[in-house]
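Just data.cif here, mmCIF, C-alpha atoms:
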data_work
#
loop_
_atom_site.label_atom_id
_atom_site.label_comp_id
_atom_site.auth_asym_id
_atom_site.auth_seq_id
_atom_site.Cartn_x
_atom_site.Cartn_y
_atom_site.Cartn_z
CA MET A 23 0.00 0.00 0.00
CA GLU A 24 2.16 2.72 -1.35
CA ARG A 25 0.09 5.57 0.00
CA CYS A 26 0.68 4.55 3.64
CA SER A 27 4.40 4.52 3.03
CA THR A 28 4.15 7.94 1.40
CA ILE A 29 2.04 9.25 4.28
CA ARG A 30 4.60 8.00 6.81
CA HIS A 31 7.47 9.57 4.86
CA ILE A 32 5.70 12.91 4.66
CA ARG A 33 4.88 12.81 8.39
CA GLN A 34 8.51 11.96 9.21
CA TYR A 35 9.65 14.94 7.18
CA ASP A 36 6.95 17.26 8.53
CA ALA A 37 5.05 16.09 11.61
CA THR A 38 2.58 18.98 11.21
CA ALA A 39 1.59 18.03 7.65
CA ARG A 40 -2.13 17.59 7.07
CA ILE A 41 -2.79 14.80 4.59
CA VAL A 42 -6.13 14.00 2.97
CA VAL A 43 -6.29 10.79 0.95
CA PHE A 44 -8.54 11.09 -2.10
CA THR A 45 -9.02 7.60 -3.46
CA MET A 46 -11.16 5.16 -5.38
CA HIS A 47 -10.68 2.51 -2.65
CA LEU A 48 -13.75 2.00 -0.51
CA SER A 49 -12.02 -0.27 1.95
CA ALA A 50 -12.25 -0.07 5.71
CA ALA A 51 -8.80 -1.63 6.03
CA PHE A 52 -7.27 0.84 3.56
CA ALA A 53 -8.82 3.80 5.36
CA LEU A 54 -7.77 2.64 8.80
CA LYS A 55 -4.20 2.02 7.65
CA ALA A 56 -4.05 5.46 6.05
CA ILE A 57 -5.35 7.16 9.21
CA ARG A 58 -2.95 5.15 11.39
CA ALA A 59 -0.10 6.16 9.07
CA GLY A 60 -0.95 9.81 9.73
CA ALA A 61 -3.60 10.90 7.23
CA THR A 62 -6.09 13.40 8.59
CA GLY A 63 -8.74 12.63 6.01
CA TYR A 64 -9.93 9.82 3.76
CA VAL A 65 -12.40 10.65 1.00
CA THR A 66 -13.52 8.37 -1.82
CA LYS A 67 -13.92 9.59 -5.37
CA SER A 68 -17.55 8.45 -5.30
CA SER A 69 -18.27 10.95 -2.50
CA ASP A 70 -19.95 14.29 -3.05
CA PRO A 71 -17.24 16.68 -4.31
CA LYS A 72 -18.14 19.10 -1.50
CA LEU A 73 -16.88 16.51 0.98
CA LEU A 74 -13.36 16.75 -0.44
CA VAL A 75 -13.40 20.50 0.13
CA GLU A 76 -14.77 19.96 3.66
CA ALA A 77 -12.04 17.38 4.33
CA ILE A 78 -9.31 19.78 3.24
CA PHE A 79 -10.61 22.60 5.44
CA GLY A 80 -11.27 20.14 8.27
CA ALA A 81 -7.69 18.89 8.03
CA LEU A 82 -6.46 22.48 8.29
CA ARG A 83 -8.45 22.77 11.55
CA GLY A 84 -6.95 19.50 12.81
CA GLN A 85 -10.09 17.43 12.31
CA THR A 86 -10.21 13.92 10.88
CA VAL A 87 -12.71 13.67 8.04
CA ILE A 88 -13.75 10.31 6.59
CA SER A 89 -16.35 9.98 3.85
CA PRO A 90 -19.67 8.42 4.92
CA ASP A 91 -19.29 5.40 2.62
CA VAL A 92 -16.00 4.51 4.30
CA ILE A 93 -17.46 5.05 7.78
CA GLU A 94 -20.24 2.64 6.80
CA ALA A 95 -17.67 0.09 5.56
CA ILE A 96 -15.71 0.40 8.82
CA ALA A 97 -18.90 -0.05 10.84
CA ARG A 98 -19.91 -3.12 8.79
CA ASP A 99 -16.49 -4.67 9.36
CA ARG A 100 -16.61 -3.99 13.08
CA ILE A 101 -20.21 -5.13 13.57
CA SER A 102 -19.83 -8.33 11.56
CA ASP A 103 -16.38 -8.92 13.04
CA ALA A 104 -15.69 -10.66 9.77
CA GLY A 105 -12.25 -9.22 9.25
CA THR A 106 -10.65 -10.17 5.99
CA GLY A 107 -7.30 -10.69 7.67
CA LEU A 108 -6.08 -7.53 6.02
CA THR A 109 -6.07 -5.73 9.36
CA ASP A 110 -3.71 -8.42 10.67
CA LEU A 111 -1.03 -7.33 8.19
CA SER A 112 1.46 -4.60 8.98
CA PRO A 113 1.48 -1.55 6.70
CA ARG A 114 4.70 -2.85 5.07
CA GLN A 115 3.12 -6.28 4.49
CA THR A 116 0.08 -4.63 2.94
CA GLU A 117 2.35 -2.63 0.67
CA ILE A 118 4.24 -5.77 -0.39
CA LEU A 119 0.94 -7.61 -0.92
CA CYS A 120 -0.25 -4.87 -3.28
CA LEU A 121 2.93 -5.00 -5.32
CA LEU A 122 2.98 -8.80 -5.46
CA ALA A 123 -0.65 -8.81 -6.58
CA ARG A 124 0.29 -6.40 -9.38
CA GLY A 125 2.80 -8.98 -10.59
CA TRP A 126 5.95 -7.19 -9.51
CA SER A 127 9.06 -9.35 -9.12
CA VAL A 128 10.76 -9.76 -5.74
CA GLU A 129 13.76 -7.81 -7.05
CA ARG A 130 11.61 -4.92 -8.29
CA ILE A 131 9.74 -4.73 -4.96
CA ALA A 132 13.01 -4.83 -3.03
CA GLY A 133 14.41 -2.00 -5.13
CA GLU A 134 11.25 0.11 -4.88
CA LEU A 135 10.98 -0.28 -1.09
CA SER A 136 14.75 -0.18 -0.41
CA ILE A 137 14.75 -3.56 1.31
CA SER A 138 16.49 -6.84 0.51
CA PRO A 139 14.94 -9.48 -1.73
CA LYS A 140 15.15 -11.87 1.23
CA THR A 141 12.97 -9.50 3.29
CA VAL A 142 10.43 -9.41 0.45
CA ARG A 143 10.40 -13.22 0.26
CA ASN A 144 10.02 -13.52 4.05
CA ASN A 145 7.12 -11.07 4.03
CA HIS A 146 5.56 -12.87 1.06
CA TYR A 147 5.58 -16.10 3.07
CA GLN A 148 4.24 -14.36 6.21
CA ILE A 149 1.45 -12.65 4.27
CA LYS A 150 0.22 -15.93 2.82
CA SER A 151 0.46 -17.55 6.25
CA ILE A 152 -1.46 -14.76 8.02
CA LEU A 153 -4.18 -14.74 5.36
CA GLY A 154 -4.38 -18.52 5.11
CA LEU A 155 -3.46 -18.54 1.43
CA GLU A 156 -1.42 -21.21 -0.31
CA THR A 157 -0.77 -19.83 -3.79
CA ASP A 158 -0.02 -16.53 -5.45
CA VAL A 159 -3.24 -16.86 -7.44
CA GLN A 160 -5.16 -16.89 -4.14
CA LEU A 161 -3.13 -13.84 -3.12
CA VAL A 162 -4.25 -11.97 -6.26
CA TRP A 163 -7.88 -12.99 -5.70
CA PHE A 164 -7.64 -11.77 -2.11
CA ALA A 165 -6.25 -8.43 -3.30
CA LEU A 166 -9.11 -8.10 -5.81
CA GLU A 167 -11.81 -9.04 -3.28
CA THR A 168 -10.56 -6.60 -0.64
CA GLY A 169 -10.14 -3.72 -3.07
CA LEU A 170 -6.35 -3.62 -2.78
CA LEU A 171 -6.11 -4.32 -6.48
CA PRO A 172 -8.68 -2.61 -8.66
CA ALA A 173 -10.56 -4.91 -11.02
CA ILE A 174 -9.64 -4.42 -14.65
#

Using the file provided, produce a representation of the structure as structure tokens.
Amino acid sequence: MERCSTIRHIRQYDATARIVVFTMHLSAAFALKAIRAGATGYVTKSSDPKLLVEAIFGALRGQTVISPDVIEAIARDRISDAGTGLTDLSPRQTEILCLLARGWSVERIAGELSISPKTVRNNHYQIKSILGLETDVQLVWFALETGLLPAI
């Protein structure tokens, strides 16, 4: 999940930065990871455009603004307690999962994230173990079903 890494990097550089994520991903797990990484807002592209403006001004006032569709998705996840397992992954594991699901090689992921190929392989194994997946095809399906990988 590249955006969480970017959010963390921005926050490390400037702890006072106000970050609003404007995304097509209507995923409770995505939103929660972004907020935990330091975003002050999370607005989906399907939201009323006025909400994006409200989120920007809210962020300037130090408020956290999340679009209603995402709040509903978070509530559904919490009420049903049917977590996908995605919340059990660390932000780095989620990021690696996204890149693996896109078909990136271990070497390319390692280079992009400035980590060793061995670390990527270890995380790949841990991700499949945490999610109860056996194959990379299952990993791609999981990414599609959870909204980590947009359907083509």

* Which value, in Å to one decimal, gives the distance between CA of Ala51 (chain A) and CA of Thr109 (chain A)? -> 5.9 Å

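Neighbouring residues of Ala77 (chain A) at 9 Å or closer, counting all atoms listed in the file and skipping chain neighbours under 2 positions away, are A:Val42, A:Thr62, A:Gly63, A:Tyr64, A:Val65, A:Lys72, A:Leu73, A:Leu74, A:Val75, A:Phe79, A:Gly80, A:Ala81, A:Leu82, A:Gln85, A:Thr86, A:Val87, A:Ile88, A:Ser89.
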
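Our summary of the geometry notes that CA of Met46 (chain A) is positioned 24.6 Å from CA of Arg83 (chain A).
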
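You can rank A:Ala97, A:Thr66, A:Ser127, A:Lys150 by their closest distance to Thr45 (chain A) using only C-alpha atoms, and at the top of that list sits A:Thr66.
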
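Proximity to Leu155 (chain A) was assessed for A:Leu171, A:Trp126, A:Gly107, A:Ile137 counting all atoms listed in the file; the smallest distance is recorded for A:Gly107.
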
* Asked: If you measure from CA of His31 (chain A) to CA of His47 (chain A), what distance in Å do you get, rounded to one decimal?
  ->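 Spanning CA of His31 (chain A) to CA of His47 (chain A) is a straight-line distance of 20.9 Å.
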
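Across A:Lys55, A:Asp70, A:Asp99, A:Ala123, the tightest approach to Trp163 (chain A) is made by A:Ala123 when counting only C-alpha atoms.
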
* **Non-local contacts of His146 (chain A) (9 Å; all atoms listed in the file; under 5 positions in same chain excluded) as a PyMOL selection string** => chain A and resi 115+118-119+122+141+151

* Would you mind telling me which residue in A:Glu129, A:Glu76, A:Asp36, A:Glu94 lies nearest to Ala53 (chain A) when using all atoms listed in the file? =>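 Between A:Glu129, A:Glu76, A:Asp36, A:Glu94, the residue approaching Ala53 (chain A) most closely is A:Glu94.
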
* Asked: Which is closer to Thr116 (chain A) than all the others in A:Leu161, A:Ile149, A:Ala59, A:Ile29, using only C-alpha atoms?
  ->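 Nearest candidate to Thr116 (chain A) out of A:Leu161, A:Ile149, A:Ala59, A:Ile29: A:Ile149.
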
* To do: Would you kindly identify which residues have an atom no farther than 12 Å from (-6.5, -4.7, 7.4), using all atoms listed in the file and the file's own coordinates, and write them out as JSON, numbers by chain?
  => {"A": [23, 49, 50, 51, 52, 53, 54, 55, 56, 58, 96, 99, 100, 104, 105, 106, 107, 108, 109, 110, 111, 112, 113, 114, 115, 116, 117, 119, 149, 152, 153, 164, 165, 168, 169, 170]}
